[in-house]
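Everything below concerns the one structure shown next.
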Amino acid sequence: MFKIRKFALALGICGALASGSAAADMKIGALFPFSGALALLGQESYRGLELAVNEINAAGGINGEKIEILKADAVDPTQAVSETKRLISSEVVAVFGSYASGISYAASPVAELAGVPYFELGATAHKITTRGYKYLFRSNPNTALYGVAVVDALHEIIGPGMGLDPKQIKIGIIHEDGPYGTDVAATEKQRAQELGYTVAEVLPYSAKTVDLSSLILRLKGAGVDVVLQTAYQNDAILYFRQARAANFKPKVVIGAGGGYSLADTAKAVGADMNGVFDLDFPQASINPAGAPGLDKFLEAYKTTYKSDPQSGHSLTNYVGAKAFFEAIANAKSTDADKIREAVLAYKKPAGQSANGWGFAFDEEGQNTASTFYVMQWQDGKLVTIAPSNLALGKPIFNK
C-alpha cells in the first residue's frame with residue numbers, strides 16, 4: 001500500500017484523478033488522550049490543532065487542498081500504538097500529537113517505520129527526539145531545557161527576589177514517574193547542583209497515586225524550603241491538599257507545567273495556589289505586542305469553544321501546527337522526504353508567532369528556538385512575569 005502511495009505521490013496524483021478534477025482532502029491524524037486521566041489537557045491541546053486547521057481551510061487550504069482531521073484517542077502507550085497504525089492505514093499525510101510524552105514515545109516509532117511524518121506539538125521528554133528518526137519533528141521545547149529553566153528561574157528571579165541565599169536553600173524535587181517527570185527531575189537536580197544548591201530529596205511517584213502523605217513527610221523532615229514539582233493535574237492538586245493537612249509550608253513552590261498551568265487546578269487548590277510559580281509553554285496571558293496573531297487566536301478560541309483557553313497547550317499546539325502546515329505548503333508535496341527537507345529549512349525569528357516563539361529545527365527534528373516562560377499565580381490568575389518583553393506583570397514575593 002505505501003509503495004503504491006509513494007509512487008503516486010512521485011507522480012503528483014495522490015488524492016486526485018490524473019485529469020483535472022478537484023483536489024481531494026489532505027488527511028492528517030490527530031493523536032491525543034481524549035478520554036481518561038489526561039483528557040482535559042489532551043482535548044485542550046487538540047483544540048489548538050483544530051483552530052489552526054480551521055484557519056488554514058478558511059484561507060483555501062494547503063496548495064488548494066482542504067485539511068481533513070482524523071481523530072484518534074490514545075489513553076495510554078498501548079492504545080497509542082494501535083491508533084497510530086489505524087491512522088496510517090487511512091493514509092494520513094502526517095500524524096499530529098500528542099501532549100503526553102509516554103504516548104508520543106510509543107506512537108512515533110510506528111509512524112517512522114511507515115515513513116509517515118510525526119509532528120509532536122506538546123510532549124516534552126527529551127528522549128523522544130534522540131532516537132535518530134528521520135520523520136519525527138517537535139515544535140515545543142524539551143525536558144533537557146525544562147529542568148534548567150526551572151532552576152534558573154529560582155536562581156535568577158525567585159531566590160534573589162525573596163532574599164534567599166542559595167547556600168542555605170534545601171531543594172526537594174518531586175515528580176510523576178513517567179518520561180516527562182523523570183526527565184525534568186533529572187535536569188533539575190543536575191542544574192541545581194551545578195549552581196551550588198543542596199538537593200535534599202528527589203522523590204518519584206505514580207501520577208495515578210491517591211496518597212502523597214509519606215512523600216510530604218519526607219520533605220518536611222528534610223527541612224526542604226523549595227519544592228520543585230513536575231505533575232499532571234490530579235497529582236498537583238493532591239500535593240497541595242496533603243501538604244496543607246501536614247502543615248508543610250515551603251517558602252517556594254515551582255511547578256513544571258502540566259497541572260500547574262490549569263485554571264481548574266488553581267480553582268481546586270484555592271488560596272494556597274497564590275504565589276506559586278510555574279514554568280511552562282507560553283500562556284494566552286502574554287503581551288500581544290511580542291506575539292502577533294495572539295488576538296486572532298483568542299477570538300477564534302472564544303468563538304469556537306465559548307470560553308477562554310484553559311491552559312497554554314491550545315496556543316502551543318496552534319503555533320506549532322501552523323508552522324508545520326506552512327512547511328508542508330513550502331514542500332508543495334505530501335512526500336515525506338520533501339516534507340522533511342521543508343521542515344529543516346523552515347526558519348522564523350522569535351517574536352513573529354502567536355506565542356512569541358521562533359522556529360529552527362535541528363537534524364533530530366527539535367525546534368531549538370522554542371522555550372519556556374516564567375509565570376506566577378496571582379489572585380487566581382496565571383500571570384507571565386518573564387521574559388520581560390512578553391510579561392504582563394511582576395513577581396510577588398512573600399518573604
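Just so we're on the same page: first chain in the C-alpha cells is A, next is B, and so on; residues restart at 1 for each chain, and ligands are numbered from 1 in the order they show up.
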
DSSP strand (DSSP E) residues within range 25-217 of chain A, as a ChimeraX atom specification: /A:26-32,67-73,94-97,118-120,136-138,170-176,198-205

Using N, CA, C and O atoms, can you export the residues from the last selection as a short mmCIF file (atom, residue, chain, number, x, y, z; two decimals), in the first residue's frame?
data_model
loop_
_atom_site.label_atom_id
_atom_site.label_comp_id
_atom_site.auth_asym_id
_atom_site.auth_seq_id
_atom_site.Cartn_x
_atom_site.Cartn_y
_atom_site.Cartn_z
N MET A 26 -6.69 16.66 2.22
CA MET A 26 -5.43 16.18 2.77
C MET A 26 -5.72 15.65 4.17
O MET A 26 -6.06 16.40 5.08
N LYS A 27 -5.59 14.36 4.37
CA LYS A 27 -5.90 13.76 5.65
C LYS A 27 -4.71 13.84 6.59
O LYS A 27 -3.58 13.53 6.22
N ILE A 28 -4.98 14.25 7.83
CA ILE A 28 -3.96 14.21 8.88
C ILE A 28 -4.54 13.49 10.09
O ILE A 28 -5.74 13.51 10.32
N GLY A 29 -3.69 12.85 10.85
CA GLY A 29 -4.12 12.20 12.08
C GLY A 29 -3.91 13.11 13.27
O GLY A 29 -2.93 13.86 13.33
N ALA A 30 -4.83 13.06 14.22
CA ALA A 30 -4.72 13.82 15.47
C ALA A 30 -4.76 12.82 16.62
O ALA A 30 -5.82 12.30 16.97
N LEU A 31 -3.61 12.53 17.19
CA LEU A 31 -3.48 11.52 18.24
C LEU A 31 -3.30 12.19 19.59
O LEU A 31 -2.24 12.74 19.89
N PHE A 32 -4.35 12.15 20.42
CA PHE A 32 -4.34 12.79 21.73
C PHE A 32 -5.12 11.94 22.73
O PHE A 32 -5.97 11.13 22.32
N ILE A 67 -7.78 20.52 4.55
CA ILE A 67 -7.26 19.55 5.51
C ILE A 67 -8.42 18.86 6.21
O ILE A 67 -9.35 19.51 6.69
N GLU A 68 -8.36 17.55 6.27
CA GLU A 68 -9.34 16.75 7.00
C GLU A 68 -8.65 16.09 8.19
O GLU A 68 -7.63 15.41 8.02
N ILE A 69 -9.20 16.28 9.39
CA ILE A 69 -8.62 15.70 10.60
C ILE A 69 -9.29 14.37 10.92
O ILE A 69 -10.51 14.28 10.99
N LEU A 70 -8.47 13.34 11.12
CA LEU A 70 -8.95 12.05 11.61
C LEU A 70 -8.49 11.93 13.07
O LEU A 70 -7.29 11.85 13.34
N LYS A 71 -9.43 11.92 14.00
CA LYS A 71 -9.10 11.89 15.42
C LYS A 71 -8.83 10.47 15.90
O LYS A 71 -9.46 9.52 15.43
N ALA A 72 -7.91 10.35 16.85
CA ALA A 72 -7.59 9.06 17.44
C ALA A 72 -7.35 9.26 18.93
O ALA A 72 -6.52 10.08 19.33
N ASP A 73 -8.06 8.51 19.75
CA ASP A 73 -7.95 8.61 21.19
C ASP A 73 -6.84 7.68 21.69
O ASP A 73 -6.87 6.47 21.45
N ALA A 94 0.31 12.93 7.65
CA ALA A 94 1.14 13.06 8.84
C ALA A 94 0.27 12.80 10.06
O ALA A 94 -0.96 12.88 10.00
N VAL A 95 0.92 12.48 11.18
CA VAL A 95 0.25 12.34 12.46
C VAL A 95 0.68 13.49 13.35
O VAL A 95 1.88 13.76 13.50
N PHE A 96 -0.30 14.19 13.94
CA PHE A 96 -0.04 15.28 14.86
C PHE A 96 -0.44 14.82 16.27
O PHE A 96 -1.45 14.16 16.46
N GLY A 97 0.36 15.17 17.25
CA GLY A 97 0.03 14.80 18.64
C GLY A 97 0.93 15.57 19.58
O GLY A 97 1.62 16.50 19.16
N TYR A 118 5.72 12.48 11.80
CA TYR A 118 5.05 12.61 13.09
C TYR A 118 5.42 13.96 13.65
O TYR A 118 6.59 14.25 13.92
N PHE A 119 4.43 14.81 13.83
CA PHE A 119 4.64 16.17 14.31
C PHE A 119 4.22 16.26 15.77
O PHE A 119 3.02 16.23 16.08
N GLU A 120 5.18 16.36 16.67
CA GLU A 120 4.88 16.49 18.09
C GLU A 120 4.72 17.96 18.44
O GLU A 120 5.61 18.77 18.19
N LEU A 136 10.44 12.45 12.39
CA LEU A 136 9.87 12.92 13.65
C LEU A 136 10.34 14.34 13.92
O LEU A 136 11.54 14.64 13.88
N PHE A 137 9.38 15.24 14.19
CA PHE A 137 9.69 16.64 14.42
C PHE A 137 8.91 17.14 15.63
O PHE A 137 7.78 16.72 15.87
N ARG A 138 9.52 18.06 16.38
CA ARG A 138 8.85 18.61 17.56
C ARG A 138 8.98 20.13 17.56
O ARG A 138 10.07 20.67 17.48
N LYS A 170 17.39 24.39 50.74
CA LYS A 170 17.28 22.95 50.56
C LYS A 170 16.13 22.66 49.59
O LYS A 170 14.99 23.04 49.86
N ILE A 171 16.48 22.04 48.49
CA ILE A 171 15.51 21.78 47.44
C ILE A 171 14.97 20.35 47.55
O ILE A 171 15.73 19.40 47.76
N GLY A 172 13.67 20.21 47.41
CA GLY A 172 13.03 18.91 47.29
C GLY A 172 12.41 18.79 45.92
O GLY A 172 11.60 19.64 45.53
N ILE A 173 12.79 17.77 45.17
CA ILE A 173 12.27 17.54 43.83
C ILE A 173 11.30 16.37 43.87
O ILE A 173 11.68 15.26 44.26
N ILE A 174 10.06 16.59 43.49
CA ILE A 174 9.07 15.52 43.44
C ILE A 174 8.48 15.49 42.03
O ILE A 174 8.29 16.53 41.40
N HIS A 175 8.21 14.28 41.54
CA HIS A 175 7.78 14.19 40.14
C HIS A 175 7.04 12.90 39.84
O HIS A 175 7.29 11.86 40.46
N GLU A 176 6.09 13.01 38.90
CA GLU A 176 5.45 11.81 38.39
C GLU A 176 6.52 10.99 37.68
O GLU A 176 7.46 11.53 37.11
N THR A 198 21.70 22.68 47.58
CA THR A 198 21.56 21.37 48.22
C THR A 198 20.25 20.74 47.79
O THR A 198 19.18 21.31 48.02
N VAL A 199 20.33 19.59 47.14
CA VAL A 199 19.13 18.85 46.76
C VAL A 199 18.92 17.78 47.83
O VAL A 199 19.62 16.77 47.87
N ALA A 200 17.96 18.03 48.71
CA ALA A 200 17.76 17.15 49.87
C ALA A 200 17.03 15.87 49.50
O ALA A 200 17.30 14.81 50.07
N GLU A 201 16.08 15.97 48.57
CA GLU A 201 15.27 14.80 48.20
C GLU A 201 14.92 14.85 46.71
O GLU A 201 14.68 15.93 46.16
N VAL A 202 14.92 13.69 46.09
CA VAL A 202 14.35 13.51 44.75
C VAL A 202 13.40 12.33 44.86
O VAL A 202 13.83 11.18 45.03
N LEU A 203 12.10 12.59 44.78
CA LEU A 203 11.09 11.59 45.11
C LEU A 203 10.10 11.39 43.95
O LEU A 203 9.28 12.26 43.67
N PRO A 204 10.18 10.24 43.27
CA PRO A 204 9.20 9.93 42.22
C PRO A 204 7.94 9.31 42.79
O PRO A 204 7.95 8.77 43.91
N TYR A 205 6.86 9.37 42.03
CA TYR A 205 5.60 8.75 42.42
C TYR A 205 4.77 8.51 41.16
O TYR A 205 5.01 9.13 40.12
#

Using only C-alpha atoms, find each residue of range 99-182 of chain A with at least one atom at most 12 Å away from an atom of range 41-61 of chain A; report its shortest atom-to-atom pair and that distance in Å (one decimal), sort the rows by chain and rising residue number, and return the result as a Markdown table.
| residue | atom | partner | partner_atom | distance |
| --- | --- | --- | --- | --- |
| A:Tyr99 | CA | A:Gly42 | CA | 6.0 |
| A:Ala100 | CA | A:Gly42 | CA | 7.9 |
| A:Ser101 | CA | A:Gly42 | CA | 11.6 |
| A:Ile103 | CA | A:Gly42 | CA | 10.9 |
| A:Phe119 | CA | A:Leu49 | CA | 11.0 |
| A:Glu120 | CA | A:Ser45 | CA | 11.0 |
| A:Leu121 | CA | A:Ser45 | CA | 8.2 |
| A:Gly122 | CA | A:Ser45 | CA | 7.6 |
| A:Ala123 | CA | A:Ser45 | CA | 10.3 |

Exercise: range 228-230 of chain A partners within 9 Å, only C-alpha atoms, chain neighbours under 2 positions left out, as a PyMOL selection string: chain A and resi 150-151+171-176+180-182+184-185+188+226+232+236+252-260

Write the selection just made, keeping C-alpha atoms, as a tab-separated table (two decimals), in the first residue's frame?
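File written: out06.tsv
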chain	number	residue	atom	x	y	z
A	150	VAL	CA	13.06	25.90	36.38
A	151	VAL	CA	16.26	26.13	38.41
A	171	ILE	CA	15.51	21.78	47.44
A	172	GLY	CA	13.03	18.91	47.29
A	173	ILE	CA	12.27	17.54	43.83
A	174	ILE	CA	9.07	15.52	43.44
A	175	HIS	CA	7.78	14.19	40.14
A	176	GLU	CA	5.45	11.81	38.39
A	180	TYR	CA	8.04	13.71	31.39
A	181	GLY	CA	8.52	13.88	35.15
A	182	THR	CA	11.64	11.73	35.24
A	184	VAL	CA	12.57	17.14	34.16
A	185	ALA	CA	13.59	15.98	37.64
A	188	GLU	CA	16.57	19.99	37.75
A	226	VAL	CA	11.91	24.96	47.96
A	232	TYR	CA	-0.24	16.40	35.89
A	236	ALA	CA	-0.65	18.58	41.61
A	252	VAL	CA	8.77	28.45	47.37
A	253	VAL	CA	6.85	26.03	45.17
A	254	ILE	CA	7.67	25.90	41.46
A	255	GLY	CA	5.75	23.73	39.03
A	256	ALA	CA	6.96	22.47	35.67
A	257	GLY	CA	3.84	22.97	33.60
A	258	GLY	CA	1.27	20.18	33.41
A	259	GLY	CA	-1.33	20.64	36.12
A	260	TYR	CA	0.34	23.80	37.38

Straight-line distance linking CA of Leu279 in chain A with CA of Met162 in chain A, stated in Å to one decimal: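 Distance reported for this atom pair: 17.7 Å.
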
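Comparing the minimum interatomic distances between Leu217 in chain A and each of A:Leu113, A:Ala360, A:Ala284, A:Ala246, counting only C-alpha atoms, we find that A:Ala246 sits nearest.
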
Residue contacts of Ile396 in chain A (10 Å, only C-alpha atoms) excluding same-chain residues fewer than 6 positions away, as an MDAnalysis selection string: chainID A and resid 158 161:162 274:277 376:378 385

Per-residue DSSP, range 188-233 of chain A, filtered to alpha helix (DSSP H), as a PyMOL selection string: chain A and resi 188-194+213-221+233

Atoms to include: N, CA, C and O atoms. Write the selected residues as an mmCIF file, in the first residue's frame.
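Printed below is selection.cif as written:
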data_model
loop_
_atom_site.group_PDB
_atom_site.id
_atom_site.type_symbol
_atom_site.label_atom_id
_atom_site.label_comp_id
_atom_site.auth_asym_id
_atom_site.auth_seq_id
_atom_site.Cartn_x
_atom_site.Cartn_y
_atom_site.Cartn_z
ATOM 1 N N GLU A 188 16.658 19.077 36.604
ATOM 2 C CA GLU A 188 16.566 19.994 37.754
ATOM 3 C C GLU A 188 17.671 19.692 38.763
ATOM 4 O O GLU A 188 18.344 20.606 39.264
ATOM 5 N N LYS A 189 17.837 18.422 39.077
ATOM 6 C CA LYS A 189 18.864 18.038 40.045
ATOM 7 C C LYS A 189 20.255 18.420 39.556
ATOM 8 O O LYS A 189 21.052 19.004 40.309
ATOM 9 N N GLN A 190 20.534 18.124 38.294
ATOM 10 C CA GLN A 190 21.849 18.434 37.744
ATOM 11 C C GLN A 190 22.124 19.936 37.758
ATOM 12 O O GLN A 190 23.209 20.376 38.170
ATOM 13 N N ARG A 191 21.144 20.716 37.318
ATOM 14 C CA ARG A 191 21.337 22.173 37.261
ATOM 15 C C ARG A 191 21.463 22.763 38.661
ATOM 16 O O ARG A 191 22.294 23.650 38.895
ATOM 17 N N ALA A 192 20.654 22.278 39.600
ATOM 18 C CA ALA A 192 20.725 22.789 40.973
ATOM 19 C C ALA A 192 22.092 22.519 41.587
ATOM 20 O O ALA A 192 22.676 23.389 42.268
ATOM 21 N N GLN A 193 22.620 21.347 41.353
ATOM 22 C CA GLN A 193 23.938 21.010 41.889
ATOM 23 C C GLN A 193 25.033 21.826 41.223
ATOM 24 O O GLN A 193 26.003 22.231 41.881
ATOM 25 N N GLU A 194 24.870 22.109 39.920
ATOM 26 C CA GLU A 194 25.842 22.952 39.220
ATOM 27 C C GLU A 194 25.911 24.349 39.827
ATOM 28 O O GLU A 194 26.977 24.972 39.878
ATOM 29 N N SER A 213 1.169 11.536 51.155
ATOM 30 C CA SER A 213 1.435 11.975 52.526
ATOM 31 C C SER A 213 2.819 11.572 53.011
ATOM 32 O O SER A 213 3.507 12.371 53.666
ATOM 33 N N SER A 214 3.258 10.350 52.687
ATOM 34 C CA SER A 214 4.576 9.928 53.151
ATOM 35 C C SER A 214 5.680 10.722 52.460
ATOM 36 O O SER A 214 6.707 11.054 53.068
ATOM 37 N N LEU A 215 5.469 11.039 51.205
ATOM 38 C CA LEU A 215 6.429 11.862 50.458
ATOM 39 C C LEU A 215 6.529 13.256 51.087
ATOM 40 O O LEU A 215 7.628 13.800 51.270
ATOM 41 N N ILE A 216 5.396 13.829 51.419
ATOM 42 C CA ILE A 216 5.374 15.170 52.028
ATOM 43 C C ILE A 216 6.049 15.157 53.389
ATOM 44 O O ILE A 216 6.793 16.086 53.743
ATOM 45 N N LEU A 217 5.861 14.100 54.143
ATOM 46 C CA LEU A 217 6.525 14.000 55.446
ATOM 47 C C LEU A 217 8.039 13.911 55.296
ATOM 48 O O LEU A 217 8.796 14.441 56.128
ATOM 49 N N ARG A 218 8.501 13.270 54.234
ATOM 50 C CA ARG A 218 9.946 13.219 53.981
ATOM 51 C C ARG A 218 10.488 14.594 53.635
ATOM 52 O O ARG A 218 11.567 14.980 54.080
ATOM 53 N N LEU A 219 9.750 15.352 52.839
ATOM 54 C CA LEU A 219 10.163 16.720 52.517
ATOM 55 C C LEU A 219 10.229 17.572 53.781
ATOM 56 O O LEU A 219 11.193 18.327 53.996
ATOM 57 N N LYS A 220 9.210 17.431 54.596
ATOM 58 C CA LYS A 220 9.142 18.209 55.833
ATOM 59 C C LYS A 220 10.283 17.819 56.779
ATOM 60 O O LYS A 220 10.943 18.685 57.370
ATOM 61 N N GLY A 221 10.520 16.531 56.906
ATOM 62 C CA GLY A 221 11.573 16.056 57.789
ATOM 63 C C GLY A 221 12.954 16.462 57.330
ATOM 64 O O GLY A 221 13.870 16.627 58.155
ATOM 65 N N GLN A 233 -2.501 17.082 36.476
ATOM 66 C CA GLN A 233 -3.460 17.844 37.276
ATOM 67 C C GLN A 233 -3.789 17.194 38.620
ATOM 68 O O GLN A 233 -3.685 17.829 39.676
#

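The space between CA of Asp278 in chain A and CA of Thr130 in chain A spans 26.4 Å.
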
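CA of Glu299 in chain A sits 24.1 Å away from CA of Ser98 in chain A.
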
Test item: residues at most 8 Å from Asp235 in chain A, only C-alpha atoms, excluding those fewer than 4 positions along its chain, as a ChimeraX atom specification: /A:176,207-210,231,239,259

Restrict the selected residues to all heavy atoms and save them as a compact mmCIF listing (two decimals), in the first residue's frame.
# COMPACT_ATOMS: atom_id res chain seq x y z
N GLU A 176 6.09 13.01 38.90
CA GLU A 176 5.45 11.81 38.39
C GLU A 176 6.52 10.99 37.68
O GLU A 176 7.46 11.53 37.11
CB GLU A 176 4.26 12.16 37.50
CG GLU A 176 4.59 12.89 36.22
CD GLU A 176 4.93 11.94 35.09
OE1 GLU A 176 4.50 10.77 35.12
OE2 GLU A 176 5.65 12.36 34.17
N ALA A 207 1.70 8.97 38.75
CA ALA A 207 0.73 10.05 38.51
C ALA A 207 -0.67 9.63 38.91
O ALA A 207 -1.54 10.47 39.11
CB ALA A 207 0.76 10.46 37.05
N LYS A 208 -0.90 8.32 39.05
CA LYS A 208 -2.21 7.81 39.44
C LYS A 208 -2.35 7.65 40.95
O LYS A 208 -3.38 7.18 41.43
CB LYS A 208 -2.46 6.46 38.76
CG LYS A 208 -2.49 6.54 37.24
CD LYS A 208 -2.70 5.17 36.63
CE LYS A 208 -2.70 5.25 35.10
NZ LYS A 208 -2.87 3.91 34.49
N THR A 209 -1.34 8.05 41.72
CA THR A 209 -1.38 7.86 43.16
C THR A 209 -2.53 8.64 43.80
O THR A 209 -2.95 9.68 43.28
CB THR A 209 -0.05 8.29 43.81
OG1 THR A 209 -0.07 7.93 45.19
CG2 THR A 209 0.15 9.80 43.69
N VAL A 210 -3.00 8.13 44.92
CA VAL A 210 -4.03 8.83 45.68
C VAL A 210 -3.52 9.23 47.06
O VAL A 210 -4.27 9.70 47.90
CB VAL A 210 -5.30 7.95 45.83
CG1 VAL A 210 -5.95 7.72 44.48
CG2 VAL A 210 -4.98 6.63 46.51
N ALA A 231 4.21 17.60 37.50
CA ALA A 231 2.97 16.88 37.79
C ALA A 231 1.92 17.11 36.71
O ALA A 231 1.98 18.09 35.96
CB ALA A 231 2.40 17.36 39.13
N TYR A 239 -0.96 17.09 45.95
CA TYR A 239 0.18 17.61 46.72
C TYR A 239 -0.24 18.77 47.62
O TYR A 239 0.08 18.80 48.81
CB TYR A 239 1.32 18.07 45.79
CG TYR A 239 2.29 18.96 46.53
CD1 TYR A 239 3.21 18.43 47.42
CD2 TYR A 239 2.24 20.35 46.38
CE1 TYR A 239 4.07 19.25 48.14
CE2 TYR A 239 3.09 21.18 47.09
CZ TYR A 239 3.99 20.62 47.97
OH TYR A 239 4.82 21.45 48.70
N GLY A 259 -0.21 20.17 35.32
CA GLY A 259 -1.33 20.64 36.12
C GLY A 259 -1.16 22.02 36.70
O GLY A 259 -2.14 22.67 37.06

Residue nearest Thr129 in chain A - candidates A:Leu145, A:Glu364, A:Gly293, A:Ala268, atoms counted: only C-alpha atoms: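 Selected residue with least distance to Thr129 in chain A: A:Glu364.
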
Selection near Glu83 in chain A, 7 Å with only C-alpha atoms, sequence-local residues under 3 positions removed, as a VMD selection string: chain A and resid 72 74 79 to 80 86 to 87

Selection from above, N, CA, C and O atoms, as a PDB file, in the first residue's frame, can you write it?
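result12.pdb written:
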ATOM      1  N   ALA A  72      -7.905  10.355  16.849  1.00  0.00           N
ATOM      2  CA  ALA A  72      -7.586   9.062  17.444  1.00  0.00           C
ATOM      3  C   ALA A  72      -7.348   9.263  18.935  1.00  0.00           C
ATOM      4  O   ALA A  72      -6.522  10.083  19.333  1.00  0.00           O
ATOM      5  N   ALA A  74      -5.849   8.241  22.365  1.00  0.00           N
ATOM      6  CA  ALA A  74      -4.731   7.457  22.903  1.00  0.00           C
ATOM      7  C   ALA A  74      -4.661   7.675  24.406  1.00  0.00           C
ATOM      8  O   ALA A  74      -4.082   8.652  24.886  1.00  0.00           O
ATOM      9  N   GLN A  79      -2.553   1.895  23.528  1.00  0.00           N
ATOM     10  CA  GLN A  79      -3.584   2.404  22.631  1.00  0.00           C
ATOM     11  C   GLN A  79      -2.983   3.362  21.607  1.00  0.00           C
ATOM     12  O   GLN A  79      -3.451   3.442  20.468  1.00  0.00           O
ATOM     13  N   ALA A  80      -1.934   4.077  21.999  1.00  0.00           N
ATOM     14  CA  ALA A  80      -1.267   4.991  21.068  1.00  0.00           C
ATOM     15  C   ALA A  80      -0.716   4.228  19.864  1.00  0.00           C
ATOM     16  O   ALA A  80      -0.810   4.689  18.724  1.00  0.00           O
ATOM     17  N   ARG A  86      -3.873   2.548  12.940  1.00  0.00           N
ATOM     18  CA  ARG A  86      -5.165   2.780  12.279  1.00  0.00           C
ATOM     19  C   ARG A  86      -5.115   4.046  11.422  1.00  0.00           C
ATOM     20  O   ARG A  86      -5.616   4.057  10.283  1.00  0.00           O
ATOM     21  N   LEU A  87      -4.515   5.093  11.960  1.00  0.00           N
ATOM     22  CA  LEU A  87      -4.408   6.336  11.200  1.00  0.00           C
ATOM     23  C   LEU A  87      -3.582   6.139   9.933  1.00  0.00           C
ATOM     24  O   LEU A  87      -3.940   6.629   8.857  1.00  0.00           O
TER      25      LEU A  87
END

Pick from A:Gly358, A:Pro282, A:Gly393, A:Gly290, whichever lies nearest to Ser139 in chain A using only C-alpha atoms: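 With only C-alpha atoms as the atom set, the closest residue is A:Gly358.
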
Close residues, Val110 in chain A itself excluded, 8 Å, only C-alpha atoms, min 6 positions apart in chain, as a ChimeraX atom specification: /A:81,84-85
